[in-house]
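Chemist: What follows is input-v1.txt, made up of compact mmCIF, C-alpha atoms and all ligand atoms:
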# COMPACT_ATOMS: atom_id res chain seq x y z
CA MET A 1 -75.35 20.58 -32.63
CA LYS A 2 -78.14 18.53 -31.09
CA TYR A 3 -77.78 14.95 -29.94
CA ILE A 4 -80.34 12.17 -29.79
CA ASP A 5 -80.97 12.55 -26.05
CA GLN A 6 -82.24 16.12 -26.59
CA ILE A 7 -85.13 15.03 -28.82
CA ASP A 8 -88.48 13.44 -28.01
CA LEU A 9 -88.61 10.07 -29.79
CA LYS A 10 -91.77 8.51 -28.35
CA GLY A 11 -93.84 6.79 -31.02
CA LYS A 12 -91.82 8.49 -33.76
CA ARG A 13 -90.19 7.05 -36.86
CA VAL A 14 -86.50 7.53 -36.11
CA LEU A 15 -84.35 7.23 -39.24
CA CYS A 16 -80.78 6.35 -38.22
CA ARG A 17 -77.85 6.67 -40.63
CA PHE A 18 -75.16 4.22 -39.48
CA ASP A 19 -71.86 3.16 -40.99
CA TYR A 20 -72.21 -0.60 -41.36
CA ASN A 21 -69.33 -0.81 -43.83
CA VAL A 22 -68.04 -3.98 -42.16
CA PRO A 23 -65.45 -6.38 -43.56
CA LEU A 24 -66.93 -9.56 -45.11
CA ASP A 25 -65.16 -12.76 -46.14
CA ALA A 26 -65.86 -14.63 -49.40
CA LEU A 27 -68.88 -16.34 -47.83
CA GLN A 28 -70.31 -13.00 -46.65
CA ASN A 29 -69.49 -13.67 -43.01
CA ILE A 30 -68.79 -10.52 -41.00
CA THR A 31 -65.17 -10.74 -39.84
CA ASP A 32 -65.27 -7.71 -37.51
CA ASP A 33 -68.53 -6.31 -36.10
CA THR A 34 -67.04 -3.36 -34.16
CA ARG A 35 -68.99 -0.88 -36.29
CA ILE A 36 -72.28 -2.67 -35.60
CA ARG A 37 -71.65 -2.88 -31.85
CA ALA A 38 -70.75 0.82 -31.79
CA THR A 39 -74.32 1.71 -32.81
CA LEU A 40 -76.08 -0.30 -30.10
CA PRO A 41 -76.30 2.58 -27.56
CA THR A 42 -78.18 4.72 -30.11
CA ILE A 43 -80.54 1.93 -31.17
CA ASN A 44 -81.25 0.80 -27.60
CA TYR A 45 -81.88 4.37 -26.50
CA ALA A 46 -84.35 4.93 -29.35
CA LEU A 47 -86.13 1.64 -28.55
CA ASP A 48 -86.28 2.44 -24.83
CA GLU A 49 -87.87 5.77 -25.73
CA GLY A 50 -90.59 3.95 -27.70
CA ALA A 51 -89.43 4.76 -31.23
CA LYS A 52 -89.78 2.86 -34.50
CA VAL A 53 -86.20 2.47 -35.69
CA ILE A 54 -85.42 2.63 -39.42
CA ILE A 55 -81.76 2.11 -40.27
CA ILE A 56 -79.93 3.19 -43.43
CA SER A 57 -76.31 2.44 -44.29
CA HIS A 58 -73.87 1.74 -47.09
CA LEU A 59 -71.59 -1.26 -47.48
CA GLY A 60 -68.58 -1.45 -49.79
CA ARG A 61 -68.40 0.12 -53.22
CA PRO A 62 -71.18 -1.24 -55.43
CA LYS A 63 -70.84 1.91 -57.59
CA GLY A 64 -74.54 2.64 -57.94
CA LYS A 65 -75.56 -0.91 -58.95
CA ARG A 66 -77.24 -3.72 -57.07
CA LYS A 67 -74.61 -6.29 -56.05
CA GLU A 68 -75.91 -9.18 -53.98
CA GLU A 69 -72.49 -9.76 -52.37
CA LEU A 70 -72.76 -6.26 -50.87
CA SER A 71 -76.23 -6.74 -49.42
CA LEU A 72 -76.72 -5.61 -45.82
CA ALA A 73 -78.60 -8.86 -45.04
CA PRO A 74 -75.67 -10.32 -43.00
CA VAL A 75 -75.66 -7.11 -40.94
CA ALA A 76 -79.39 -7.47 -40.20
CA LYS A 77 -78.70 -11.00 -38.93
CA ARG A 78 -75.80 -9.93 -36.70
CA LEU A 79 -77.68 -6.89 -35.42
CA SER A 80 -80.65 -9.07 -34.58
CA ARG A 81 -78.38 -11.33 -32.52
CA LEU A 82 -76.79 -8.37 -30.72
CA LEU A 83 -80.13 -6.68 -29.97
CA LYS A 84 -81.80 -10.00 -29.14
CA LYS A 85 -84.79 -9.02 -31.24
CA GLU A 86 -85.98 -9.31 -34.82
CA VAL A 87 -84.46 -6.89 -37.32
CA LYS A 88 -86.53 -6.76 -40.49
CA MET A 89 -84.55 -6.57 -43.73
CA ALA A 90 -86.02 -4.44 -46.54
CA PRO A 91 -85.37 -5.47 -50.17
CA ASP A 92 -84.22 -1.93 -51.09
CA CYS A 93 -83.86 1.50 -49.49
CA VAL A 94 -86.55 3.20 -51.61
CA GLY A 95 -89.71 2.06 -53.42
CA ASP A 96 -93.31 1.02 -52.72
CA GLU A 97 -92.49 -2.21 -50.89
CA VAL A 98 -90.12 -0.40 -48.53
CA GLU A 99 -92.68 2.34 -47.89
CA GLU A 100 -95.31 -0.29 -47.08
CA MET A 101 -92.92 -2.06 -44.65
CA ILE A 102 -92.25 1.26 -42.92
CA ARG A 103 -95.97 2.06 -42.72
CA ARG A 104 -96.57 -1.21 -40.88
CA LEU A 105 -93.91 -0.56 -38.18
CA VAL A 106 -94.99 -0.27 -34.56
CA PRO A 107 -92.99 1.25 -31.68
CA GLY A 108 -90.17 -1.11 -30.72
CA ASP A 109 -89.67 -2.41 -34.30
CA VAL A 110 -86.32 -2.23 -36.07
CA ILE A 111 -85.90 -2.34 -39.85
CA LEU A 112 -82.70 -2.18 -41.88
CA LEU A 113 -83.03 -0.84 -45.42
CA GLU A 114 -80.83 -2.23 -48.19
CA ASN A 115 -77.45 -0.72 -49.17
CA LEU A 116 -77.83 2.98 -50.05
CA ARG A 117 -75.00 2.78 -52.56
CA PHE A 118 -77.00 0.45 -54.82
CA HIS A 119 -78.37 3.80 -56.03
CA PRO A 120 -75.95 6.21 -57.77
CA GLU A 121 -77.92 9.15 -56.33
CA GLU A 122 -76.55 8.42 -52.85
CA GLU A 123 -72.93 9.37 -53.59
CA LYS A 124 -74.11 12.28 -55.79
CA ASN A 125 -75.74 13.90 -52.75
CA ASP A 126 -78.94 13.94 -54.84
CA ASP A 127 -81.81 16.00 -53.48
CA GLU A 128 -84.69 13.87 -54.83
CA PHE A 129 -83.17 10.69 -53.37
CA ALA A 130 -82.56 12.50 -50.07
CA LYS A 131 -86.21 13.68 -50.04
CA LYS A 132 -87.44 10.09 -50.43
CA LEU A 133 -85.27 8.93 -47.52
CA ALA A 134 -86.34 11.93 -45.44
CA SER A 135 -90.01 11.05 -46.02
CA TYR A 136 -89.53 7.95 -43.82
CA ALA A 137 -88.46 10.04 -40.84
CA ASP A 138 -90.07 12.07 -38.10
CA VAL A 139 -86.58 12.37 -36.65
CA TYR A 140 -83.24 11.87 -38.40
CA ILE A 141 -80.21 10.67 -36.43
CA ASP A 142 -76.76 10.60 -38.00
CA ASP A 143 -74.41 8.22 -36.21
CA ALA A 144 -72.28 7.33 -39.25
CA PHE A 145 -69.04 8.96 -38.18
CA GLY A 146 -66.99 6.77 -40.55
CA ASN A 147 -68.78 8.43 -43.48
CA ALA A 148 -68.91 11.97 -42.06
CA HIS A 149 -66.12 13.24 -44.35
CA ARG A 150 -68.29 12.44 -47.39
CA ALA A 151 -71.14 14.64 -48.64
CA HIS A 152 -73.75 12.08 -49.61
CA ALA A 153 -77.55 12.18 -49.90
CA SER A 154 -78.12 10.16 -46.74
CA ASN A 155 -75.95 12.33 -44.51
CA VAL A 156 -75.86 15.81 -46.07
CA ALA A 157 -78.74 16.54 -48.51
CA ILE A 158 -81.21 14.70 -46.26
CA THR A 159 -80.72 17.22 -43.44
CA LYS A 160 -82.52 19.84 -45.57
CA TYR A 161 -85.70 17.77 -45.71
CA VAL A 162 -86.15 16.28 -42.24
CA LYS A 163 -88.19 17.95 -39.53
CA GLU A 164 -85.75 17.26 -36.75
CA CYS A 165 -82.20 15.98 -36.78
CA ALA A 166 -79.42 15.17 -34.33
CA GLY A 167 -76.22 13.23 -33.89
CA GLY A 168 -76.20 9.78 -32.28
CA PHE A 169 -74.14 8.67 -29.31
CA LEU A 170 -71.25 7.39 -31.46
CA MET A 171 -71.03 10.71 -33.30
CA LYS A 172 -71.02 12.46 -29.92
CA LYS A 173 -68.14 10.33 -28.63
CA GLU A 174 -66.07 10.68 -31.79
CA ILE A 175 -66.47 14.46 -31.83
CA ASN A 176 -65.81 14.79 -28.09
CA TYR A 177 -62.61 12.77 -28.28
CA LEU A 178 -61.17 13.73 -31.66
CA LYS A 179 -62.20 17.40 -31.60
CA GLY A 180 -62.72 18.14 -27.92
CA CYS A 181 -59.50 16.55 -26.70
CA VAL A 182 -57.47 18.18 -29.44
CA GLU A 183 -58.95 21.64 -28.89
CA LYS A 184 -58.78 21.52 -25.10
CA PRO A 185 -56.27 18.82 -24.21
CA ALA A 186 -55.05 17.90 -20.76
CA ARG A 187 -51.33 18.74 -21.00
CA PRO A 188 -48.71 17.56 -21.77
CA PHE A 189 -50.40 16.67 -25.07
CA VAL A 190 -48.46 14.26 -27.31
CA ALA A 191 -49.29 13.34 -30.91
CA ILE A 192 -47.79 10.24 -32.49
CA ILE A 193 -47.99 10.22 -36.25
CA GLY A 194 -46.84 7.25 -38.32
CA GLY A 195 -47.95 5.36 -41.40
CA SER A 196 -46.58 5.33 -44.87
CA LYS A 197 -46.22 8.80 -46.32
CA VAL A 198 -45.85 12.40 -45.20
CA SER A 199 -48.25 13.43 -47.98
CA GLY A 200 -51.15 11.51 -46.39
CA LYS A 201 -50.68 13.12 -42.99
CA LEU A 202 -49.14 16.50 -43.80
CA GLU A 203 -52.27 18.50 -43.01
CA ALA A 204 -52.70 16.68 -39.70
CA LEU A 205 -49.04 17.40 -38.87
CA VAL A 206 -49.42 21.08 -39.70
CA ASN A 207 -52.59 21.37 -37.61
CA LEU A 208 -51.36 19.36 -34.64
CA ILE A 209 -47.90 20.91 -34.39
CA LYS A 210 -49.60 24.14 -33.22
CA LYS A 211 -51.48 22.33 -30.48
CA VAL A 212 -49.19 19.67 -29.01
CA ASP A 213 -46.37 19.77 -26.48
CA LYS A 214 -44.56 16.87 -28.15
CA MET A 215 -44.73 15.40 -31.64
CA ILE A 216 -43.48 11.87 -32.28
CA ILE A 217 -42.90 10.73 -35.86
CA GLY A 218 -42.52 7.08 -36.87
CA GLY A 219 -43.34 4.82 -39.82
CA GLY A 220 -42.30 5.40 -43.40
CA MET A 221 -42.81 9.15 -43.14
CA ALA A 222 -39.95 9.48 -40.64
CA PHE A 223 -37.45 8.91 -43.46
CA THR A 224 -38.46 12.09 -45.30
CA PHE A 225 -37.75 14.00 -42.07
CA LEU A 226 -34.45 12.15 -41.53
CA LYS A 227 -33.38 12.88 -45.10
CA ALA A 228 -34.31 16.52 -44.56
CA LEU A 229 -31.83 16.48 -41.67
CA GLY A 230 -29.12 15.14 -43.96
CA PHE A 231 -29.17 11.42 -43.10
CA GLU A 232 -28.57 8.72 -45.70
CA VAL A 233 -31.85 6.74 -45.78
CA GLY A 234 -31.07 4.18 -48.49
CA ARG A 235 -34.14 2.80 -50.25
CA SER A 236 -36.49 3.76 -47.42
CA LEU A 237 -39.79 5.41 -48.33
CA VAL A 238 -39.00 9.06 -49.04
CA GLU A 239 -40.96 11.85 -50.67
CA ASP A 240 -38.23 14.15 -51.94
CA ASP A 241 -40.72 16.84 -52.98
CA LEU A 242 -41.88 17.12 -49.38
CA ILE A 243 -38.43 17.65 -47.85
CA PRO A 244 -38.95 21.46 -47.75
CA LYS A 245 -42.32 20.92 -46.00
CA ALA A 246 -40.73 18.51 -43.53
CA LYS A 247 -38.11 21.17 -42.74
CA GLU A 248 -40.87 23.74 -42.30
CA VAL A 249 -42.75 21.50 -39.82
CA MET A 250 -39.54 21.00 -37.81
CA GLU A 251 -38.82 24.75 -37.84
CA THR A 252 -42.37 25.47 -36.64
CA ALA A 253 -41.89 22.94 -33.84
CA LYS A 254 -38.67 24.67 -32.80
CA ALA A 255 -40.21 28.13 -32.93
CA LEU A 256 -43.18 26.99 -30.83
CA GLY A 257 -41.06 25.07 -28.33
CA VAL A 258 -42.68 21.77 -29.32
CA LYS A 259 -40.44 18.78 -28.68
CA PHE A 260 -40.01 16.89 -31.94
CA TYR A 261 -39.02 13.21 -31.81
CA LEU A 262 -37.71 11.19 -34.74
CA PRO A 263 -36.38 7.60 -34.71
CA VAL A 264 -32.78 7.24 -33.54
CA ASP A 265 -32.44 3.69 -34.86
CA CYS A 266 -34.38 1.49 -37.23
CA VAL A 267 -34.86 -2.03 -38.49
CA MET A 268 -33.47 -2.20 -42.02
CA ALA A 269 -34.04 -4.96 -44.54
CA GLU A 270 -33.06 -5.76 -48.09
CA ASP A 271 -36.73 -6.04 -49.07
CA MET A 272 -40.17 -5.55 -47.67
CA SER A 273 -40.71 -9.28 -47.17
CA ALA A 274 -40.94 -11.75 -44.28
CA GLU A 275 -37.90 -13.65 -45.58
CA ALA A 276 -35.61 -10.64 -45.98
CA GLU A 277 -32.40 -10.37 -43.96
CA THR A 278 -32.72 -7.60 -41.34
CA LYS A 279 -30.47 -5.59 -39.07
CA ILE A 280 -30.89 -2.87 -36.47
CA VAL A 281 -28.84 0.24 -37.09
CA PRO A 282 -28.56 3.74 -35.63
CA VAL A 283 -30.00 6.28 -38.09
CA GLN A 284 -26.54 7.71 -38.78
CA GLU A 285 -25.44 4.30 -40.10
CA MET A 286 -28.30 3.52 -42.43
CA ASN A 287 -27.22 1.39 -45.37
CA SER A 288 -27.53 3.06 -48.77
CA HIS A 289 -29.08 -0.03 -50.41
CA TRP A 290 -31.50 -1.25 -47.73
CA MET A 291 -34.79 0.12 -46.52
CA GLY A 292 -35.96 1.15 -43.04
CA LEU A 293 -39.12 -0.76 -42.19
CA ASP A 294 -39.58 -0.32 -38.44
CA ILE A 295 -38.33 1.76 -35.53
CA GLY A 296 -35.54 0.15 -33.51
CA PRO A 297 -35.26 -0.69 -29.78
CA ALA A 298 -33.53 2.57 -28.80
CA THR A 299 -36.34 4.50 -30.47
CA ILE A 300 -38.94 2.46 -28.58
CA THR A 301 -37.23 3.47 -25.33
CA LEU A 302 -37.01 7.10 -26.42
CA PHE A 303 -40.66 7.31 -27.52
CA THR A 304 -41.87 5.47 -24.40
CA GLU A 305 -39.92 7.90 -22.23
CA ALA A 306 -41.41 10.84 -24.15
CA LEU A 307 -44.89 9.51 -23.37
CA SER A 308 -44.28 8.99 -19.68
CA ASN A 309 -45.62 12.35 -18.45
CA ALA A 310 -48.31 12.75 -21.13
CA LYS A 311 -51.89 13.48 -20.09
CA THR A 312 -53.34 13.28 -23.60
CA ILE A 313 -52.01 11.06 -26.40
CA VAL A 314 -53.38 11.01 -29.93
CA TRP A 315 -52.03 8.33 -32.23
CA ASN A 316 -52.51 7.83 -35.96
CA GLY A 317 -50.42 5.49 -38.11
CA PRO A 318 -48.17 2.47 -37.39
CA MET A 319 -44.46 2.78 -36.58
CA GLY A 320 -43.42 0.25 -39.20
CA VAL A 321 -44.68 -2.30 -41.71
CA PHE A 322 -46.58 -4.03 -38.91
CA GLU A 323 -48.35 -6.40 -41.29
CA ILE A 324 -45.06 -8.38 -41.47
CA ASP A 325 -43.96 -9.86 -38.12
CA ALA A 326 -40.30 -8.89 -38.57
CA PHE A 327 -41.29 -5.21 -38.74
CA SER A 328 -44.15 -5.17 -36.24
CA ARG A 329 -42.27 -4.87 -32.94
CA GLY A 330 -42.06 -1.09 -32.90
CA THR A 331 -45.80 -0.68 -33.38
CA SER A 332 -46.65 -3.39 -30.79
CA ALA A 333 -44.22 -1.90 -28.27
CA LEU A 334 -45.79 1.52 -28.70
CA VAL A 335 -49.28 0.07 -28.22
CA HIS A 336 -48.10 -1.32 -24.86
CA SER A 337 -46.48 2.01 -23.89
CA ILE A 338 -49.68 3.88 -24.69
CA ALA A 339 -51.89 1.31 -22.98
CA ASN A 340 -49.78 1.54 -19.82
CA SER A 341 -49.68 5.33 -19.74
CA TYR A 342 -51.83 7.43 -17.41
CA ALA A 343 -53.00 9.63 -20.26
CA ILE A 344 -56.31 9.96 -22.11
CA THR A 345 -55.39 7.89 -25.14
CA ILE A 346 -57.08 8.31 -28.50
CA VAL A 347 -56.30 6.08 -31.45
CA GLY A 348 -57.54 6.99 -34.91
CA GLY A 349 -57.02 5.51 -38.34
CA GLY A 350 -57.88 2.10 -39.74
CA ASP A 351 -54.41 0.57 -39.56
CA THR A 352 -53.62 1.79 -36.09
CA ASP A 353 -56.72 0.24 -34.59
CA VAL A 354 -55.91 -3.08 -36.28
CA ALA A 355 -52.49 -2.94 -34.59
CA VAL A 356 -54.07 -2.17 -31.21
CA HIS A 357 -56.57 -5.04 -31.50
CA ARG A 358 -53.80 -7.42 -32.53
CA THR A 359 -51.87 -6.75 -29.32
CA GLY A 360 -54.98 -7.37 -27.21
CA GLU A 361 -54.67 -3.97 -25.51
CA SER A 362 -57.78 -2.31 -26.91
CA ASP A 363 -59.52 -2.32 -23.52
CA LYS A 364 -56.75 -0.13 -22.12
CA ILE A 365 -57.12 2.59 -24.74
CA THR A 366 -59.50 5.39 -23.78
CA TYR A 367 -60.99 5.76 -27.24
CA ILE A 368 -60.48 4.00 -30.56
CA SER A 369 -62.11 5.86 -33.42
CA THR A 370 -64.37 3.91 -35.79
CA GLY A 371 -63.58 6.21 -38.71
CA GLY A 372 -60.24 6.15 -40.57
CA GLY A 373 -60.55 8.97 -43.12
CA ALA A 374 -63.06 10.93 -41.01
CA SER A 375 -60.87 10.82 -37.89
CA LEU A 376 -57.82 12.00 -39.85
CA GLU A 377 -59.80 14.91 -41.31
CA LEU A 378 -60.88 15.95 -37.80
CA LEU A 379 -57.23 15.84 -36.71
CA GLU A 380 -56.44 18.01 -39.74
CA GLY A 381 -58.81 20.58 -38.24
CA LYS A 382 -61.21 20.30 -41.20
CA GLU A 383 -64.94 20.78 -41.10
CA LEU A 384 -66.60 17.46 -41.97
CA PRO A 385 -69.58 17.92 -44.34
CA ALA A 386 -71.95 15.65 -42.41
CA ILE A 387 -71.12 17.29 -39.08
CA ALA A 388 -71.56 20.76 -40.60
CA ALA A 389 -74.94 19.68 -42.01
CA LEU A 390 -76.04 18.39 -38.60
CA GLU A 391 -74.96 21.63 -36.96
CA ARG A 392 -76.93 23.70 -39.50
CA CYS A 393 -80.01 21.51 -39.20
CA GLY A 394 -79.79 21.34 -35.39
CA ALA A 395 -79.60 25.14 -35.18
CA GLU A 396 -82.71 25.52 -37.35
CA THR A 397 -84.93 22.97 -35.58
P1 LIG B 401 -51.19 5.03 -43.49
O1 LIG B 401 -52.35 4.49 -44.28
O2 LIG B 401 -50.55 6.22 -44.10
O3 LIG B 401 -51.49 5.17 -42.02
O4 LIG B 401 -50.05 3.92 -43.62
C1 LIG B 401 -50.16 2.65 -43.08
C2 LIG B 401 -49.15 1.80 -43.78
O5 LIG B 401 -47.86 2.33 -43.58
C3 LIG B 401 -49.10 0.38 -43.26
O6 LIG B 401 -49.62 -0.46 -44.24
C4 LIG B 401 -47.60 0.13 -43.04
O7 LIG B 401 -47.16 -1.09 -43.59
C5 LIG B 401 -46.95 1.29 -43.78
N1 LIG B 401 -45.65 1.64 -43.23
C6 LIG B 401 -45.32 1.89 -41.97
N2 LIG B 401 -43.99 2.09 -41.82
C7 LIG B 401 -43.45 1.94 -43.06
C8 LIG B 401 -42.12 2.01 -43.56
N3 LIG B 401 -41.08 2.27 -42.77
N4 LIG B 401 -41.94 1.83 -44.88
C9 LIG B 401 -42.98 1.57 -45.69
N5 LIG B 401 -44.27 1.48 -45.28
C10 LIG B 401 -44.49 1.67 -43.97
Since I need it in another form, could you write the structure as structure tokens?

Modeler:
Amino acid sequence: MKYIDQIDLKGKRVLCRFDYNVPLDALQNITDDTRIRATLPTINYALDEGAKVIIISHLGRPKGKRKEELSLAPVAKRLSRLLKKEVKMAPDCVGDEVEEMIRRLVPGDVILLENLRFHPEEEKNDDEFAKKLASYADVYIDDAFGNAHRAHASNVAITKYVKECAGGFLMKKEINYLKGCVEKPARPFVAIIGGSKVSGKLEALVNLIKKVDKMIIGGGMAFTFLKALGFEVGRSLVEDDLIPKAKEVMETAKALGVKFYLPVDCVMAEDMSAEAETKIVPVQEMNSHWMGLDIGPATITLFTEALSNAKTIVWNGPMGVFEIDAFSRGTSALVHSIANSYAITIVGGGDTDVAVHRTGESDKITYISTGGGASLELLEGKELPAIAALERCGAET
């Protein structure tokens, strides 16, 4: 796969696919611009090389219809402030007016085209739509890692119609960390998997168990494993149909000599609410009517100890219902343990990065992925359609 720094960009129209799917409040203010900032190295590089930069992106789920509240105009404004230069905003992503605006670009200009998903053809991976987008480009750069697990016109079909294509710097980083570190980790390699359900992370568990030295399980999914071991788990989140799978994962771990860590105590509550009465109990004393909503203090010590000699740590999914203060301590404590470790630390998954930012430790994490679903699919060992398309196109050009 080629990357942007292997291609001559001078004077060329460089069409960049970014993932500007940023959160907006009711007044269309951007509440977190991480995804915009993450694209600055690619844009600045292209500008320094003397390119004309044309940006395409989606935002939200307009379902193929124009919805003013999902316009990319606020992104153009923020990007302009970050780049300290004008970013032109096109009224659409296709059509005569857009083509005319692109024709008038000079090297050093930046234009953002309107939300791709205003057109149903985008999510249908439509060839004609992709051809139109491709006609704006001398070079196509895909830096939209957050959308790489989707096969859409602007990141898959388009690669058949552009002369030259490559990944951007964000794509490069995401692949290097999430694929490179997992395939060739510095050892001991520890994976921490949490979140709500086993079903959402099963494939990642199955893939990672073959690669890690230690596997740490927290969050709601731990209770399916604990039940599989014969513990009473009360009204905790359990997927009974996955108990055989949970047993299989633990047997694989044993056969491979992978150390497998489950919570030894947990915070139980009557309900999943801020007002609920709570207590900390060892897992062998879990109440049959209450639910486990966070890992307990002994588990924090155990998990922290397990991380102490790690050289690579991959983490996906919170240790408890961290959105509610009473059940957030396990997740926060683990953020601190990871931040203070000497390992290469990689955090993936939307919720986990929210937890890291909340504790103010994000600067101490080696890499925080910008893609939730896409990062999980890489950890599952899957081939992402957009990355496969870039590899095919890069090999041909
Ligand atoms: P996921 O999207 O699978 O990573 O799950 C993230 C969600 O898991 C968060 O919203 C947490 O509130 C939830 N979660 C974590 N631990 C538990 C638990 N013990 N019981 C129920 N939900 C949990």

Chemist: Please, which residues have at least one atom within 9 Å of an atom of ligand LIG 401 (chain B), using all atoms listed in the file, listed as a ChimeraX atom specification?

Modeler: /A:193-201,218-223,236-238,266-268,272,291-295,316-324,327-328,331,349-352,372

Chemist: Could you save the residues just selected, with C-alpha atoms, as a compact mmCIF listing (two decimals), in the frame of the given file?

Modeler:
# COMPACT_ATOMS: atom_id res chain seq x y z
CA ILE A 193 -47.99 10.22 -36.25
CA GLY A 194 -46.84 7.25 -38.32
CA GLY A 195 -47.95 5.36 -41.40
CA SER A 196 -46.58 5.33 -44.87
CA LYS A 197 -46.22 8.80 -46.32
CA VAL A 198 -45.85 12.40 -45.20
CA SER A 199 -48.25 13.43 -47.98
CA GLY A 200 -51.15 11.51 -46.39
CA LYS A 201 -50.68 13.12 -42.99
CA GLY A 218 -42.52 7.08 -36.87
CA GLY A 219 -43.34 4.82 -39.82
CA GLY A 220 -42.30 5.40 -43.40
CA MET A 221 -42.81 9.15 -43.14
CA ALA A 222 -39.95 9.48 -40.64
CA PHE A 223 -37.45 8.91 -43.46
CA SER A 236 -36.49 3.76 -47.42
CA LEU A 237 -39.79 5.41 -48.33
CA VAL A 238 -39.00 9.06 -49.04
CA CYS A 266 -34.38 1.49 -37.23
CA VAL A 267 -34.86 -2.03 -38.49
CA MET A 268 -33.47 -2.20 -42.02
CA MET A 272 -40.17 -5.55 -47.67
CA MET A 291 -34.79 0.12 -46.52
CA GLY A 292 -35.96 1.15 -43.04
CA LEU A 293 -39.12 -0.76 -42.19
CA ASP A 294 -39.58 -0.32 -38.44
CA ILE A 295 -38.33 1.76 -35.53
CA ASN A 316 -52.51 7.83 -35.96
CA GLY A 317 -50.42 5.49 -38.11
CA PRO A 318 -48.17 2.47 -37.39
CA MET A 319 -44.46 2.78 -36.58
CA GLY A 320 -43.42 0.25 -39.20
CA VAL A 321 -44.68 -2.30 -41.71
CA PHE A 322 -46.58 -4.03 -38.91
CA GLU A 323 -48.35 -6.40 -41.29
CA ILE A 324 -45.06 -8.38 -41.47
CA PHE A 327 -41.29 -5.21 -38.74
CA SER A 328 -44.15 -5.17 -36.24
CA THR A 331 -45.80 -0.68 -33.38
CA GLY A 349 -57.02 5.51 -38.34
CA GLY A 350 -57.88 2.10 -39.74
CA ASP A 351 -54.41 0.57 -39.56
CA THR A 352 -53.62 1.79 -36.09
CA GLY A 372 -60.24 6.15 -40.57

Chemist: From the list A:Asp265, A:Glu361, A:Glu396, A:Glu183, which residue is nearest A:Glu380 when using all atoms listed in the file?

Modeler: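 Of the candidates, the smallest distance to A:Glu380 is held by A:Glu183.
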
Chemist: Write out as a list in words which residues come within 7 Å of stretch 177-180 of chain A when counting all atoms listed in the file, dropping same-chain ones fewer than 6 positions away.

Modeler: Ser375, Leu378 and Leu379 of chain A

Chemist: Write the residues of the preceding selection, restricted to C-alpha atoms, as a compact mmCIF listing (two decimals), keeping the file's coordinate frame.

Modeler:
# COMPACT_ATOMS: atom_id res chain seq x y z
CA SER A 375 -60.87 10.82 -37.89
CA LEU A 378 -60.88 15.95 -37.80
CA LEU A 379 -57.23 15.84 -36.71

Chemist: Using only C-alpha atoms, which residue out of A:Phe18, A:Tyr161, A:Gln284, A:Thr39 lies closest to A:Ile55?

Modeler: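 Result for the nearest residue to A:Ile55: A:Phe18.
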
Chemist: Nearest to A:Val22 among A:Ala298, A:Val110, A:Val75, A:Val283, with distances taken over all atoms listed in the file: which residue is it?

Modeler: A:Val75

Chemist: Restricting the calculation to only C-alpha atoms, which member of A:Leu59, A:Leu15, A:Glu248, A:Gly348 is positioned closest to A:Leu133?

Modeler: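 Closest candidate: A:Leu15.
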
Chemist: What's the separation between atom CA of A:His336 and atom CA of A:Asn147, in Å to one decimal place?

Modeler: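 Taking atom CA of A:His336 and atom CA of A:Asn147, their separation equals 29.5 Å.
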
Chemist: One number please: atom CA of A:Ser337 to atom CA of A:Thr301, in Å, one decimal.

Modeler: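 We find that atom CA of A:Ser337 and atom CA of A:Thr301 lie 9.5 Å from each other.
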
Chemist: Using all atoms listed in the file, which residues sit within 12 Å of A:Gln6 once same-chain residues fewer than 6 positions away are excluded, as a list of chain:residue names?

Modeler: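 Contacts, in chain order: A:Tyr45, A:Ala46, A:Glu49, A:Val139, A:Ile141, A:Glu164, A:Cys165, A:Ala166, A:Gly167, A:Gly168, A:Phe169, A:Gly394, A:Thr397.
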
Chemist: Rank A:Asn155, A:Thr224, A:Asn340, A:Thr359 by their smallest atom-to-atom distance to A:Ala388, using only C-alpha atoms, and report the top residue only.

Modeler: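 Going through A:Asn155, A:Thr224, A:Asn340, A:Thr359 one by one, the smallest distance to A:Ala388 is for A:Asn155.
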
Chemist: Would you mind reading off the distance between atom CA of A:Glu114 and atom CA of A:Leu72, one decimal, in Å?

Modeler: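 The value is 5.8 Å.
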
Chemist: With 10 Å as the threshold, what does the neighbourhood of (-49.3, 25.7, -32.4) contain in terms of residues, counting all atoms listed in the file? Coordinates are those of the file; answer as a PyMOL selection string.

Modeler: chain A and resi 206-213+252-253+255-258

Chemist: Which is closer to A:Tyr20 than all the others in A:Met171, A:Ala144, A:Ile243, A:Leu334, using all atoms listed in the file?

Modeler: A:Ala144

Chemist: Using only C-alpha atoms, I'd like a table of the residues in stretch 166-223 of chain A that come within 9 Å of stretch 341-344 of chain A; for each, show the closest atom pair and its distance in Å rounded to one decimal, ordered by chain and ascending number, as a Markdown table.

Modeler:
| residue | atom | partner | partner_atom | distance |
| --- | --- | --- | --- | --- |
| A:Cys181 | CA | A:Ile344 | CA | 8.6 |
| A:Ala186 | CA | A:Ile344 | CA | 8.2 |
| A:Phe189 | CA | A:Ala343 | CA | 8.9 |
